[in-house]
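Comments concern the structure below.
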Amino acid sequence: MSIKTTCPYCGVGCGVIAQPDAARGTVNISGDTTHPSNFGSLCSKGSALGQTLGSDGRLLYPEINGQRVSMDAALTHVAAGFNRIIAEHGPDSVALYVSGQLLTEDYYVANKLMKGFVGTANIDTNSRLCMSSAVAGHKRAFGEDIVPACYEDLELADLIVLVGSNTAWCHPVLFQRIAQAKQQRPEMKIVVVDPRRTMTCDIADLHVPVLSGSDVWLFNGLLAYLHEHGHVANDFIANHTEGVDEALRVARESAGDMKQVAAACGLETERLLEFYRMFADHERVITAFSMGVNQSSAGTDKVNSIINCHLLTGRIGQQGAGPFSITGQPNAMGGREVGGLANMLAAHMDLENTSHRDLVQDFWRSPRMAERGGLKAVELFDAIHDGKVKAVWIMATNPVVSLPDADKVKEALRRCELVVVSDCFAGTDTNALAHVLLPAAGWGEKDGTVTNSERRISRQRAFQQLSGDARPDWWLICEVARRMGFDRSFNYDNAHEIFVEHAALSAWNNDGERAFDIGGLAKISSTEYDDLAPIQWPVPERNHPGTPRLLESGRFYRNNRRARFVPTATRAPAHKVDSEFPWVLNTGRIRDQWHTMTRTGRAPQLGAHLPEPYIDMHAQDALLSAVSDGQLARVETQWGALVARVKTSGEMPRGTIFVPIHWNSAVASDARVGALVNPVVDPVSGEPEFKHTPARVTPF
Ligand code: SF4
């Protein structure tokens with residue numbers, strides 16, 4: 001038996017073939033050569049998926065206060081607890097905190113339950129930590145959360161600018177596609193904008209090692225340079241945009257002249273100008289950006305400063321040209337489509353828009369609708385800490401490890417009246433604080449869809465029996481919803497029924513004013529759903545082939561159909577380094593681990609790459625901190641501390657240290673770097689500033 005499915009890790013969304021071997025009790029994993037996102041390639045994590053299956057370490061049975069109970073008892077307890085707290089304190093006293101690991105169908109019913117039936121928008125997701133700045137930037141510029149480009153554009157571009165993205169480690173198959181394209185077309189140029197000299201720089205023609213947090217200076221300077229040197233798409237600007245003059249004025253005033261821009265970015269002027277000339281001289285330019293842009297207190301402005309440069313040159317919606325947000329998680333995009341962020345409604349509609357709310361309420365036949373945005377991730381856990389939110393259901397994520405100021409998150413959950421956690425795995429830092437544990441189906445056990453960074457919807461398919469009492473997340477949510485009294489609206493038998501409802505909502509009263517339209521999939525049968533080949537939205541009609549590129553016509557999704565140049569004034573990261581905390585702590589992923597290691601930590605071959613947490617720093621900064629390569633050291637911020645081994649890899653610039661996000665109490669003595677990260681967020685997107693916390697390093 002060979003089952004086509006999709007990798008559950010990063011936003012590249014690679015197609016996978018799973019071949020269970022019943023005799024050996026193993027599953028052989030290979031890349032799906034027919035999947036248009038990866039054409040058969042897999043990275044180390046995807047290739048090791050077979051090693052992460054099995055029931056070891058799984059959460060197999062429901063528990064209430066540490067005691068195994070029946071599934072019915074656990075679900076009834078959760079529903080009764082939520083209903084009681086809502087009755088006593090109102091709908092805003094409860095919340096869901098979900099995950100880009102959920103499938104679209106799971107996400108859809110979770111969002112429907114909260115926004116349409118409980119009547120609160122207190123449902124947020126760990127995608128808030130990942131790409132909410134990109135979402136906010138897209139909405140400000142285009143009127144809707146639209147990624148215009150596709151992976152093929154990375155192969156067609158003459159210049160790829162990778163900003164804040166260690167693509168080689170974090171999106172490896174995409175990196176392979178770029179590297180192969182460059183091999184075939186050596187004239188293709190690659191620029192990497194990143195404070196660190198990561199492995200991604202190995203294929204770069206130019207590395208631009210900007211100071212952490214200086215991206216808006218860089219792209220404001222580029223906007224001014226392009227204008228000054230006549231690289232302006234006048235017709236496109238006149239016919240399809242608004243606000244160029246104000247954006248240029250703000251860019252010039254806040255960034256200053258080229259010398260000032262170079263100084264603000266920590267660059268030699270000649271290197272800055274070399275980048276600007278490369279951008280100006282290549283017509284087909286893709287600017288691909290990732291967490292180094294998004295995870296910042298100025299993340300949304302960073303995104304818009306990039307988009308402004310593409311609007312000025314008209315390089316958007318064309319083959320090989322456009323801004324391109326590369327998402328972190330397998331279904332960050334699917335979560336956005338169903339409105340899984342606290343400030344969004346379903347099908348890319350807006351909570352604050354009365355006609356959108358009425359439309360969704362009408363479609364759902366729901367008793368009440370949330371009328372304003374809910375609490376975003378960091379605010380949500382603050383509200384739990386302060387007793388305003390009294391019940392939370394956390395699904396498929398580990399916020400005690402992954403959120404900033406993570407010790408406060410731990411304390412918040414300790415204080416919370418009702419903490420429900422549904423997860424595939426036992427023994428996580430977050431599970432330890434749950435009153436109710438619900439076992440969720442894992443990869444290979446559940447069915448549904450995910451959407452990757454290029455808007456491609458792919459099926460995840462089951463090829464294994466459910467473990468223990470584990471059930472798919474959508475089933476757990478619907479069973480709780482039914483026990484809360486919403487029986488008729490959550491009466492689904494399978495993921496297909498949810499998917500077609502989601503597709504029908506996207507097309508409901510949509511006469512083309514909303515880009516997210518998969519109405520062409522709304523009437524597919526369960527067999528067609530089972531066989532669904534990867535397809536890029538929009539899919540507005542039956543048998544539509546999908547849409548590789550968006551915005552090709554220059555028609556945008558704001559009321560006046562024009563794109564907006566958003567003025568982006570420069571501002572520094574929230575917290576400055578000083579003599580007490582002299583280094584900038586930057587956090588991120590490593591090549592062979594995923595998030596909090598609940599899955600990848602089980603694969604021996606993945607542990608071999610980098611077996612323990614570490615503090616990477618410049619050799620001279622190590623000397624100044626009285627530590628050396630290989631020595632244990634303590635890294636400390638105003639918010640927390642951890643101990644790890646010092647590494648002087650040569651990747652780090654002076655002044656910045658790097659600690660990976662993966663390790664936690666379950667796999668190492670408490671090495672949760674989230675506990676060290678400042679909780680400041682971007683004022684528009686609510687995305688935390690994971691890349692810039694003042695820190696010190698001392699010998700241990
Ligand atoms: Fe999975 Fe991403 Fe690796 Fe592809 S690149 S195999 S999606 S982790």
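Please note that chains go A, B, ... in the order of the structure tokens, that every chain numbers its residues from 1, and that ligands are numbered from 1 in the order shown.
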
Apply DSSP to the backbone of this structure and, from region 308-547 of chain A, keep only the residues in helix (DSSP H, G or I); write these as a PyMOL selection string.
chain A and resi 308-313+332-337+346-348+354-364+377-385+399-402+406-415+431-433+473-483+487-490+495-507+519-521+526-531

Could you list, as a PyMOL selection string, every residue within 12 Å of Thr327 (chain A), counting only C-alpha atoms and ignoring same-chain residues fewer than 3 positions away?
chain A and resi 9-13+100+127-135+147+165+167+170-171+174+288-295+324+330-336+451-455

The distance between CA of Lys115 (chain A) and CA of Met369 (chain A) is 5.6 Å

List the neighbours of Lys189 (chain A) out to 7 Å using only C-alpha atoms; skip same-chain residues closer than 5 positions along the sequence, and give me the result as a count of residues only.
4

Please give me, as a ChimeraX atom specification, the residues lying within 10 Å of ligand 1 when counting only C-alpha atoms and all ligand atoms.
/A:6-16,30-31,37-38,40-49,167-176,328-330,452,591-594

Give me the residues within 9 Å of Asn28 (chain A) as a PDB file with N, CA and C atoms, in the first residue's frame, counting only C-alpha atoms and dropping any in the same chain fewer than 4 places off.
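The new file selection-v1.pdb reads:
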```
ATOM      1  N   ILE A  17       5.248  10.044   0.160  1.00  0.00           N
ATOM      2  CA  ILE A  17       4.628   8.730  -0.037  1.00  0.00           C
ATOM      3  C   ILE A  17       4.926   7.893   1.206  1.00  0.00           C
ATOM      4  N   ALA A  18       3.871   7.396   1.813  1.00  0.00           N
ATOM      5  CA  ALA A  18       4.038   6.534   2.992  1.00  0.00           C
ATOM      6  C   ALA A  18       3.679   5.104   2.593  1.00  0.00           C
ATOM      7  N   GLN A  19       4.597   4.170   2.876  1.00  0.00           N
ATOM      8  CA  GLN A  19       4.344   2.752   2.555  1.00  0.00           C
ATOM      9  C   GLN A  19       4.490   1.917   3.830  1.00  0.00           C
ATOM     10  N   PRO A  20       3.366   1.659   4.499  1.00  0.00           N
ATOM     11  CA  PRO A  20       3.444   0.855   5.718  1.00  0.00           C
ATOM     12  C   PRO A  20       3.888  -0.581   5.401  1.00  0.00           C
ATOM     13  N   ASP A  21       4.765  -1.107   6.222  1.00  0.00           N
ATOM     14  CA  ASP A  21       5.200  -2.506   6.095  1.00  0.00           C
ATOM     15  C   ASP A  21       4.680  -3.243   7.324  1.00  0.00           C
ATOM     16  N   LEU A  49      10.447  10.853   8.904  1.00  0.00           N
ATOM     17  CA  LEU A  49       9.096  10.766   9.467  1.00  0.00           C
ATOM     18  C   LEU A  49       8.754   9.360   9.960  1.00  0.00           C
ATOM     19  N   GLY A  50       9.248   8.349   9.255  1.00  0.00           N
ATOM     20  CA  GLY A  50       8.955   6.970   9.643  1.00  0.00           C
ATOM     21  C   GLY A  50       9.450   6.651  11.057  1.00  0.00           C
TER      22      GLY A  50
END
```

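For the choices A:Leu550, A:Ala346, A:Ala563, A:Val208, the atom-to-atom distance to Phe363 (chain A) is smallest for A:Ala346 when using only C-alpha atoms.
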
A straight line from CA of Thr637 (chain A) to CA of Leu585 (chain A) spans 8.6 Å

Going by DSSP on the backbone, which bits of region 531-655 of chain A are strand (DSSP E)? Write them as a list of chain:residue names, please.
A:Ile535, A:Gln536, A:Ala563, A:Arg564, A:Trp583, A:Val584, A:Leu585, A:Asn586, A:Thr587, A:Gly588, A:Tyr614, A:Ile615, A:Asp616, A:Leu632, A:Ala633, A:Arg634, A:Val635, A:Glu636, A:Ala641, A:Leu642, A:Val643, A:Ala644, A:Arg645, A:Val646, A:Lys647

So that I have them on file, write out the residues from the current selection with C-alpha atoms, as a tab-separated table (two decimals), in the first residue's frame.
```tsv
chain	number	residue	atom	x	y	z
A	535	ILE	CA	-4.16	22.64	-6.13
A	536	GLN	CA	-3.51	26.35	-5.62
A	563	ALA	CA	-2.80	48.59	-3.76
A	564	ARG	CA	-1.69	50.91	-0.99
A	583	TRP	CA	24.18	41.23	23.47
A	584	VAL	CA	21.13	40.89	21.23
A	585	LEU	CA	19.54	37.48	21.73
A	586	ASN	CA	18.21	36.07	18.45
A	587	THR	CA	16.24	32.81	18.43
A	588	GLY	CA	15.29	30.40	15.66
A	614	TYR	CA	23.78	25.93	22.45
A	615	ILE	CA	24.61	29.62	22.50
A	616	ASP	CA	26.24	30.68	19.25
A	632	LEU	CA	28.82	25.69	29.52
A	633	ALA	CA	27.54	29.21	30.02
A	634	ARG	CA	24.50	30.96	31.39
A	635	VAL	CA	22.56	33.24	29.09
A	636	GLU	CA	20.30	35.63	30.89
A	641	ALA	CA	17.90	32.40	32.04
A	642	LEU	CA	19.17	29.08	30.73
A	643	VAL	CA	22.40	27.15	30.61
A	644	ALA	CA	23.83	25.81	27.36
A	645	ARG	CA	27.14	25.17	25.64
A	646	VAL	CA	28.94	28.02	23.90
A	647	LYS	CA	29.66	27.70	20.23
```

Residue nearest Pro62 (chain A) among A:Thr313, A:Gln465, A:Asn431, A:Ser297 (counting only C-alpha atoms):
A:Asn431

With a distance cut-off of 12 Å and only C-alpha atoms, select the neighbouring residues of Arg482 (chain A), excluding the residue or stretch itself and same-chain residues fewer than 5 positions from it, and output the selection as a list in words.
Asp72, Leu75, Thr76, Val78, Ala79, Ala80, Asn83, Val109, Leu113, Phe117, Trp475, Leu476, Ile477, Asp487, Arg488, Ser489, Phe490, Asn491 and Tyr492 of chain A

Which residues come within 9 Å of Asn126 (chain A), counting only C-alpha atoms, excluding same-chain residues fewer than 4 positions away, as a PyMOL selection string?
chain A and resi 97-101+130+332+377+397-399+402-403

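Restricting the calculation to only C-alpha atoms, the smallest distance between Phe381 (chain A) and any of A:Glu612, A:Asp153, A:Glu63, A:Asp124 is found for A:Asp124.
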
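Residue nearest Arg197 (chain A), chosen from A:Leu311, A:Met652, A:Met278, A:Ala181 and counting only C-alpha atoms: A:Met652.
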
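The shortest atom-to-atom distance to Ile518 (chain A), with only C-alpha atoms taken into account, belongs to A:Ala347 out of A:Val421, A:Leu413, A:Val566, A:Ala347.
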
Contacts of Gly66 (chain A) within 12 Å, only C-alpha atoms, excl. fewer than 5 positions in-chain, as JSON, numbers by chain:
{"A": [61, 74, 426, 427, 431, 432, 433, 434, 435, 436, 437, 438]}

Would you put the residues from that selection into a file with N, CA, C and O atoms, as a PDB file, in the first residue's frame?
```pdb
ATOM      1  N   TYR A  61      -4.704   8.227  26.205  1.00  0.00           N
ATOM      2  CA  TYR A  61      -6.018   8.164  26.861  1.00  0.00           C
ATOM      3  C   TYR A  61      -6.346   9.502  27.510  1.00  0.00           C
ATOM      4  O   TYR A  61      -5.453  10.216  27.967  1.00  0.00           O
ATOM      5  N   ALA A  74     -14.431  12.814  29.648  1.00  0.00           N
ATOM      6  CA  ALA A  74     -13.525  13.960  29.452  1.00  0.00           C
ATOM      7  C   ALA A  74     -14.205  15.049  28.623  1.00  0.00           C
ATOM      8  O   ALA A  74     -14.163  16.235  28.974  1.00  0.00           O
ATOM      9  N   ALA A 426       2.505  12.861  25.101  1.00  0.00           N
ATOM     10  CA  ALA A 426       2.429  13.030  26.551  1.00  0.00           C
ATOM     11  C   ALA A 426       3.689  13.758  27.027  1.00  0.00           C
ATOM     12  O   ALA A 426       4.651  13.895  26.277  1.00  0.00           O
ATOM     13  N   GLY A 427       3.648  14.228  28.251  1.00  0.00           N
ATOM     14  CA  GLY A 427       4.870  14.684  28.907  1.00  0.00           C
ATOM     15  C   GLY A 427       5.426  16.003  28.428  1.00  0.00           C
ATOM     16  O   GLY A 427       6.608  16.281  28.640  1.00  0.00           O
ATOM     17  N   ASN A 431       1.385  20.108  28.818  1.00  0.00           N
ATOM     18  CA  ASN A 431       0.522  19.021  29.332  1.00  0.00           C
ATOM     19  C   ASN A 431       0.578  18.949  30.856  1.00  0.00           C
ATOM     20  O   ASN A 431      -0.411  18.644  31.509  1.00  0.00           O
ATOM     21  N   ALA A 432       1.764  19.232  31.399  1.00  0.00           N
ATOM     22  CA  ALA A 432       1.949  19.101  32.850  1.00  0.00           C
ATOM     23  C   ALA A 432       1.025  20.040  33.625  1.00  0.00           C
ATOM     24  O   ALA A 432       0.776  19.824  34.808  1.00  0.00           O
ATOM     25  N   LEU A 433       0.521  21.074  32.967  1.00  0.00           N
ATOM     26  CA  LEU A 433      -0.326  22.055  33.664  1.00  0.00           C
ATOM     27  C   LEU A 433      -1.809  21.901  33.318  1.00  0.00           C
ATOM     28  O   LEU A 433      -2.628  22.737  33.688  1.00  0.00           O
ATOM     29  N   ALA A 434      -2.149  20.830  32.587  1.00  0.00           N
ATOM     30  CA  ALA A 434      -3.538  20.662  32.141  1.00  0.00           C
ATOM     31  C   ALA A 434      -4.396  20.008  33.216  1.00  0.00           C
ATOM     32  O   ALA A 434      -3.944  19.103  33.913  1.00  0.00           O
ATOM     33  N   HIS A 435      -5.642  20.468  33.323  1.00  0.00           N
ATOM     34  CA  HIS A 435      -6.619  19.748  34.147  1.00  0.00           C
ATOM     35  C   HIS A 435      -7.222  18.587  33.356  1.00  0.00           C
ATOM     36  O   HIS A 435      -7.539  17.553  33.917  1.00  0.00           O
ATOM     37  N   VAL A 436      -7.391  18.829  32.040  1.00  0.00           N
ATOM     38  CA  VAL A 436      -7.946  17.768  31.184  1.00  0.00           C
ATOM     39  C   VAL A 436      -6.995  17.550  30.007  1.00  0.00           C
ATOM     40  O   VAL A 436      -6.575  18.509  29.349  1.00  0.00           O
ATOM     41  N   LEU A 437      -6.656  16.289  29.773  1.00  0.00           N
ATOM     42  CA  LEU A 437      -5.842  15.936  28.608  1.00  0.00           C
ATOM     43  C   LEU A 437      -6.688  15.129  27.638  1.00  0.00           C
ATOM     44  O   LEU A 437      -7.359  14.171  28.039  1.00  0.00           O
ATOM     45  N   LEU A 438      -6.662  15.531  26.365  1.00  0.00           N
ATOM     46  CA  LEU A 438      -7.406  14.805  25.324  1.00  0.00           C
ATOM     47  C   LEU A 438      -6.417  14.277  24.307  1.00  0.00           C
ATOM     48  O   LEU A 438      -5.645  15.066  23.729  1.00  0.00           O
TER      49      LEU A 438
END
```

Smallest atom-to-atom distance to Glu283 (chain A): which of A:Leu156, A:Asp407, A:Met258, A:Val400, using only C-alpha atoms?
A:Leu156

Please indicate the distance in Å from CA of Asp447 (chain A) to CA of Asp145 (chain A), rounded to one decimal place.
25.9 Å
